[in-house]
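Colleague: My structure is below; once you've seen it, I'll send some questions.
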Amino acid sequence: MTDSALLYRPLPRRYAVIQMDPVGMVSHFQDPIATAAAQAIHPKKYLVYLDVPLGLPTLNCRWYRYDIGFIATSLRPENKKSGLTPDMVVPICPNTDHPSGPHESVEPTPSFPFSNCYHWVDSNMLVRIRRPEERFDHSHAFQLEPSQHLKLHRLFENDAIRGQRAVDERRAQDIPQSTGEEDVIIDDNSLRSGPEGSLERADPVSEAHSSRNSSYDSLNAILRMDPCGFFTDDNVEVIPLVNMWFELQDHLTADTIANPMGLLEEEDTIVQIIRDARERAPSTKIPVNDSIFNLLADPTRRLAMLPIGEPKYAKHMPTFIHQQILRIFQLEGEQPVALDQQPAAKPAKVVGKGPKVWRTIKRTVARMVHLPCRCTHPPFLPFWP
């Protein structure tokens, strides 16, 4: 195990084992009824694929949101409404079996330990991966290389197109055939009569305003995702909180891989328990995922989680980082300084006003022309893994 394999957040494109923590999801209510109901749930361990990370990973996160994909040993359930059929799966090498015959498969690195697994098309789920006390160990993780990850989504897209085509054909068959003359409906808002029977063009200002509103809607959609952790998500308490491991063979065998439909049933059960608890205690605060802003406001929290092993970057840190955090980053060869120990006072260096004014002028001009001013090292942010 190397230090490069120990990270504060789980990386995408990895296979993992997860297990929901129903008791942890209701702990903020302090409700004996909800706790007892959550304890009655016996969650299983499921094999999943870490597809897309959501939100910015910061050092002080209590959990990490992930869009995960289901891995199963059976074909996916049929969904006629969405046009999904049981053969819409992608085998994971060394598995090559497919209902339609020879089919492309994805090849994990290193070789996958189970020979009977499939990716299910259109079977993603949002979860919160709890951050462990120690860092995530990626040295035992099975992953898809970027080319294999793109191949997986290409195969997904092919099946999705086939499913959408089936839905369109079914809808076309359900539409009754019209035998009479069809009525033509003209939208008065889109076409306006002008002088001499001509049709006026739509107002370009209105078109620009509509386009601008569309841009605003897109921006609002991005802000609602809250990638920086500025806001409190009212729905976060119903997102499954799970424990995660990369050591697949330590938790599962080829015969004990659970059907992922059981995870959806567990989710439905705990969501109902949470909603009932919320009705009994509507004023209970929603759990908040700590962000870097909490860390800067209270620097004594989780100082042990900072990357102390990289002290050489201490002098390049931004000045807005609290001094108590900076003090634990020592230059090579220096003795560590305790948090309650004040650094020894250094004699004041007498500097004339001329050099200081000249430096100020140079920096101001550099900012105006967008040129770096004596920036020989990249900035170091201690809250990134």
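Chain identifiers are assigned as A, B, and so on, following the order in which chains appear in the structure tokens; residues are numbered from 1 within each chain, and ligands are numbered from 1 in order of appearance.
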Got a sec: who's within 10 Å of region 77-81 of chain A, counting only C-alpha atoms, leaving out chain neighbours fewer than 5 positions off, as a PyMOL selection string?

Modeller: chain A and resi 86-88+120+163-164+166-167+170+261

Colleague: Given the selection you just returned, output its residues as a file containing N, CA, C and O atoms, formatted as a PDB file, in the first residue's frame.

Modeller:
```pdb
ATOM      1  N   PRO A  86     -34.791  -7.376 -20.676  1.00  0.00           N
ATOM      2  CA  PRO A  86     -33.793  -8.052 -19.837  1.00  0.00           C
ATOM      3  C   PRO A  86     -32.416  -8.190 -20.485  1.00  0.00           C
ATOM      4  O   PRO A  86     -31.412  -8.327 -19.778  1.00  0.00           O
ATOM      5  N   ASP A  87     -32.346  -8.148 -21.796  1.00  0.00           N
ATOM      6  CA  ASP A  87     -31.046  -8.320 -22.452  1.00  0.00           C
ATOM      7  C   ASP A  87     -30.231  -7.035 -22.509  1.00  0.00           C
ATOM      8  O   ASP A  87     -29.122  -7.037 -23.064  1.00  0.00           O
ATOM      9  N   MET A  88     -30.732  -5.954 -21.932  1.00  0.00           N
ATOM     10  CA  MET A  88     -29.989  -4.689 -21.918  1.00  0.00           C
ATOM     11  C   MET A  88     -29.016  -4.677 -20.749  1.00  0.00           C
ATOM     12  O   MET A  88     -29.193  -3.978 -19.746  1.00  0.00           O
ATOM     13  N   TRP A 120     -26.133  -3.195 -15.427  1.00  0.00           N
ATOM     14  CA  TRP A 120     -27.505  -3.002 -15.878  1.00  0.00           C
ATOM     15  C   TRP A 120     -27.632  -1.632 -16.540  1.00  0.00           C
ATOM     16  O   TRP A 120     -27.159  -0.616 -15.999  1.00  0.00           O
ATOM     17  N   GLY A 163     -34.249   1.074 -26.872  1.00  0.00           N
ATOM     18  CA  GLY A 163     -35.430   1.147 -26.023  1.00  0.00           C
ATOM     19  C   GLY A 163     -36.330   2.302 -26.384  1.00  0.00           C
ATOM     20  O   GLY A 163     -37.562   2.169 -26.392  1.00  0.00           O
ATOM     21  N   GLN A 164     -35.745   3.467 -26.717  1.00  0.00           N
ATOM     22  CA  GLN A 164     -36.557   4.620 -27.101  1.00  0.00           C
ATOM     23  C   GLN A 164     -37.267   4.368 -28.408  1.00  0.00           C
ATOM     24  O   GLN A 164     -38.418   4.789 -28.605  1.00  0.00           O
ATOM     25  N   ALA A 166     -38.366   1.482 -29.424  1.00  0.00           N
ATOM     26  CA  ALA A 166     -39.502   0.615 -29.117  1.00  0.00           C
ATOM     27  C   ALA A 166     -40.648   1.407 -28.500  1.00  0.00           C
ATOM     28  O   ALA A 166     -41.823   1.163 -28.797  1.00  0.00           O
ATOM     29  N   VAL A 167     -40.320   2.376 -27.648  1.00  0.00           N
ATOM     30  CA  VAL A 167     -41.363   3.215 -27.044  1.00  0.00           C
ATOM     31  C   VAL A 167     -42.066   4.039 -28.110  1.00  0.00           C
ATOM     32  O   VAL A 167     -43.306   4.164 -28.118  1.00  0.00           O
ATOM     33  N   ARG A 170     -44.431   1.882 -30.130  1.00  0.00           N
ATOM     34  CA  ARG A 170     -45.644   1.543 -29.391  1.00  0.00           C
ATOM     35  C   ARG A 170     -46.587   2.734 -29.323  1.00  0.00           C
ATOM     36  O   ARG A 170     -47.817   2.585 -29.449  1.00  0.00           O
ATOM     37  N   MET A 261     -32.068  -4.991  -6.644  1.00  0.00           N
ATOM     38  CA  MET A 261     -33.444  -4.568  -6.376  1.00  0.00           C
ATOM     39  C   MET A 261     -33.711  -4.543  -4.881  1.00  0.00           C
ATOM     40  O   MET A 261     -34.576  -3.797  -4.405  1.00  0.00           O
TER      41      MET A 261
END
```

Colleague: Which is closer to Pro91 (chain A) than all the others in A:Ala160, A:Tyr118, A:Thr73, A:Asp67, using only C-alpha atoms?

Modeller: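 Closest to Pro91 (chain A), using only C-alpha atoms: A:Tyr118.
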
Colleague: Looking at only C-alpha atoms, which of A:Cys117, A:Ile239, A:Ile92, A:Ile129 is the one that sits closest to Tyr64 (chain A)?

Modeller: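 Among the listed residues, A:Ile129 lies closest to Tyr64 (chain A).
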
Colleague: What's around Asn243 (chain A) at 12 Å? Count only C-alpha atoms, leave out sequence neighbours fewer than 2 positions away in its own chain, and write the answer as a PyMOL selection string.

Modeller: chain A and resi 10+16-22+24-25+43-46+62-64+127-133+136+240-241+245-246
